[in-house]
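One structure is given below, encoded as structure tokens.
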Amino acid sequence: MPIPKSRLWTLLPMLALSPLSSALISRNPQSPPLRAIFSDIDGTLVHYAKDFQKHGVRLVSSNEQTLTAIVEGPNGDRRNCRLLPSLTMGPACVSERTIELVEELRAHGVLFCVVTAARKSTMLQRWDLLPACDAHVCEAGSRIWVDGRPDAEFADRFVDVCGPIDRELEGADSRPEPLWQFYRRLREELPDVGLDSRSYYGMFRVSTKDDAFIEDALHDKIETSLPTGVSWSTNLGKYDFYPSAAGKGNAVNYLQNMFGIKQSETACLFDDDNDLPMAEQCGIHMLPGLTSDSVKAAAAQQPSWQIAKTVGQGVFAIEECLETLLERAKIEKRQRQEEEAKSNDIEELLREVEEVTLHTPIIQKKVTH
């Protein structure tokens, strides 16, 4: 609706001031928008009964044929879940409500990416059971898919440390790169450790079998023999070794640059030691679980990190975190819509003011001497 001319005349003195006009059109400063979420999988997005039962959550039923389960929280609430397979850890639960929340977040324009240390075969088995994702990262950040397509560019950064991305079927004994040389050295010099290279190309996993003597011996080898360009972290009680140029933090940074997203616009969902480099790349930190002592210590020193009220309660804790992020996304969407409407109103007002001023004669006062 056109603005009455009488009203326009009252606005002319204000709008004639160009700095003020610019200020009216520009957005008010506010916190960075939420544009992406990077989530760990095991212990964060999906959960094992052996862990959540310690926090009062009960596995009511589980069917590995239909890959379905039901869990019950401390207050009696129940969730229908999907069962995700794992080669070494058994099935894990992801709630249907978690799937729905991720879908809603993506519908609000928020990217969702999973980042895990799991091997390729496990990721592919779980793919269709996980929430729909914009990117999948596995093997401690050494393997990336974007929109379902493998990303070879990132893997090329550390091919000299672990070898080419298409070589996971080749046995660890024949791989010449430093990562696999270290694998063979551990096997020869620490015969009691459990070594796992199945379906890995960019990392391998070591188990000390909860033996303090074996763990001390492994740490000695790390201090004296770890090759340049190889890093390690702990994950669910195991040791993961991978190229230093890979890792969850570097993978997240690579994807942020690819998507054009700032750290301050990124949320991280995590629970374990190997997630900390990923958390450092993000501006929002949410923890549905506190799996390792290192994460507990870090959280105690970071008051901005948000620990779920239902921490440790599996699917209920991750749902709480996702609900919080979804509410933020909804608020930000409303704010953007309101700001766009205000901007359109102001632009219309300025156009009408310009129209009035162009067609209004300038009245000059006659000067008498």
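Residues in the structure tokens are numbered from 1 in each chain, the chains being A, B, ... in the order shown, and ligands are numbered from 1 in the order shown.
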Shell of 9 Å around Leu67 (chain A), only C-alpha atoms, local chain residues under 4 positions omitted, as number ranges by chain
A: 62-63, 81-85, 91
Out of region 186-248 of chain A, which residues get alpha helix (DSSP H) from DSSP, as an MDAnalysis selection string?
chainID A and resid 186:189 212:225 247:248
Keeping only N, CA, C and O atoms, take the residues you just selected and write them out as a compact mmCIF listing (two decimals), in the first residue's frame.
```
# COMPACT_ATOMS: atom_id res chain seq x y z
N LEU A 186 55.03 -52.37 15.46
CA LEU A 186 54.28 -52.69 16.68
C LEU A 186 53.96 -54.18 16.74
O LEU A 186 54.04 -54.80 17.82
N ARG A 187 53.63 -54.76 15.62
CA ARG A 187 53.31 -56.19 15.61
C ARG A 187 54.52 -57.03 15.98
O ARG A 187 54.41 -58.03 16.71
N GLU A 188 55.69 -56.61 15.51
CA GLU A 188 56.91 -57.37 15.79
C GLU A 188 57.42 -57.17 17.20
O GLU A 188 57.86 -58.12 17.86
N GLU A 189 57.35 -55.91 17.69
CA GLU A 189 57.97 -55.59 18.97
C GLU A 189 57.01 -55.64 20.14
O GLU A 189 57.45 -55.71 21.30
N ALA A 212 47.64 -52.71 31.80
CA ALA A 212 48.47 -51.54 32.08
C ALA A 212 49.90 -51.73 31.58
O ALA A 212 50.53 -50.77 31.09
N PHE A 213 50.43 -52.94 31.67
CA PHE A 213 51.79 -53.20 31.19
C PHE A 213 51.88 -53.00 29.68
O PHE A 213 52.80 -52.36 29.17
N ILE A 214 50.89 -53.54 28.93
CA ILE A 214 50.88 -53.39 27.48
C ILE A 214 50.70 -51.92 27.10
O ILE A 214 51.34 -51.41 26.18
N GLU A 215 49.87 -51.21 27.85
CA GLU A 215 49.63 -49.80 27.56
C GLU A 215 50.90 -48.98 27.77
O GLU A 215 51.23 -48.11 26.96
N ASP A 216 51.63 -49.26 28.84
CA ASP A 216 52.90 -48.54 29.07
C ASP A 216 53.90 -48.83 27.95
O ASP A 216 54.61 -47.93 27.49
N ALA A 217 53.94 -50.09 27.50
CA ALA A 217 54.86 -50.45 26.42
C ALA A 217 54.48 -49.73 25.13
O ALA A 217 55.36 -49.28 24.37
N LEU A 218 53.19 -49.61 24.86
CA LEU A 218 52.74 -48.90 23.67
C LEU A 218 53.13 -47.43 23.74
O LEU A 218 53.61 -46.84 22.75
N HIS A 219 52.95 -46.80 24.90
CA HIS A 219 53.33 -45.40 25.05
C HIS A 219 54.83 -45.21 24.85
O HIS A 219 55.26 -44.19 24.28
N ASP A 220 55.62 -46.16 25.29
CA ASP A 220 57.06 -46.07 25.06
C ASP A 220 57.38 -46.08 23.57
O ASP A 220 58.23 -45.31 23.10
N LYS A 221 56.69 -46.94 22.82
CA LYS A 221 56.91 -47.00 21.37
C LYS A 221 56.45 -45.71 20.69
O LYS A 221 57.09 -45.24 19.74
N ILE A 222 55.37 -45.14 21.18
CA ILE A 222 54.88 -43.87 20.61
C ILE A 222 55.92 -42.78 20.82
O ILE A 222 56.22 -41.99 19.90
N GLU A 223 56.50 -42.73 22.01
CA GLU A 223 57.47 -41.67 22.33
C GLU A 223 58.77 -41.83 21.55
O GLU A 223 59.40 -40.84 21.17
N THR A 224 59.17 -43.07 21.29
CA THR A 224 60.48 -43.30 20.68
C THR A 224 60.45 -43.61 19.19
O THR A 224 61.44 -43.38 18.49
N SER A 225 59.32 -44.09 18.68
CA SER A 225 59.33 -44.62 17.32
C SER A 225 58.22 -44.11 16.41
O SER A 225 58.14 -44.52 15.24
N GLY A 247 42.85 -36.73 10.41
CA GLY A 247 42.27 -36.41 11.72
C GLY A 247 40.96 -35.66 11.58
O GLY A 247 40.68 -35.02 10.56
N LYS A 248 40.14 -35.75 12.61
CA LYS A 248 38.81 -35.13 12.55
C LYS A 248 38.87 -33.61 12.40
O LYS A 248 38.07 -33.02 11.67
```
Neighbouring residues of region 94-101 of chain A were defined as those with any atom within 8 Å, considering only C-alpha atoms; residues of the same chain fewer than 5 positions away were excluded. Please report them as an NGL selection string.
:A and (45-47 or 79-84 or 130-132 or 315 or 318-319 or 322-323 or 326)
If you count only C-alpha atoms, which residues fall within 9 Å of Arg198 (chain A), apart from same-chain ones fewer than 5 positions away, as a ChimeraX atom specification?
/A:119,121,168-169,171-172,204
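What separates CA of Thr324 (chain A) from CA of Glu103 (chain A) is a distance of 14.4 Å.
With only C-alpha atoms as the atoms that count, the minimum distance from Val110 (chain A) to the choices A:Trp180, A:Phe52, A:Phe38, A:Phe270 is reached by A:Phe38.
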Using backbone DSSP assignments, extract all strand (DSSP E) residues from region 21-126 of chain A; output them as a PyMOL selection string.
chain A and resi 36-39+58-63+68-72+78-84+92-95+111-115
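Among the candidate residues A:Ser264, A:Thr234, A:Ser343, A:Gln256, the one lying nearest to Leu111 (chain A) is A:Gln256, with distances computed using only C-alpha atoms.
Among the candidate residues A:Tyr254, A:Ala329, A:Leu87, A:Pro74, the one lying nearest to Ala267 (chain A) is A:Ala329, with distances computed using only C-alpha atoms.
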Could you work out how far CA of Pro277 (chain A) lies from CA of Gly237 (chain A), giving the answer in Å with one decimal?
17.5 Å
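Between Gly148 (chain A) and the candidates A:Leu290, A:Leu129, A:Leu124, A:Ala251, the tightest atom-to-atom separation, counting only C-alpha atoms, involves A:Leu124.
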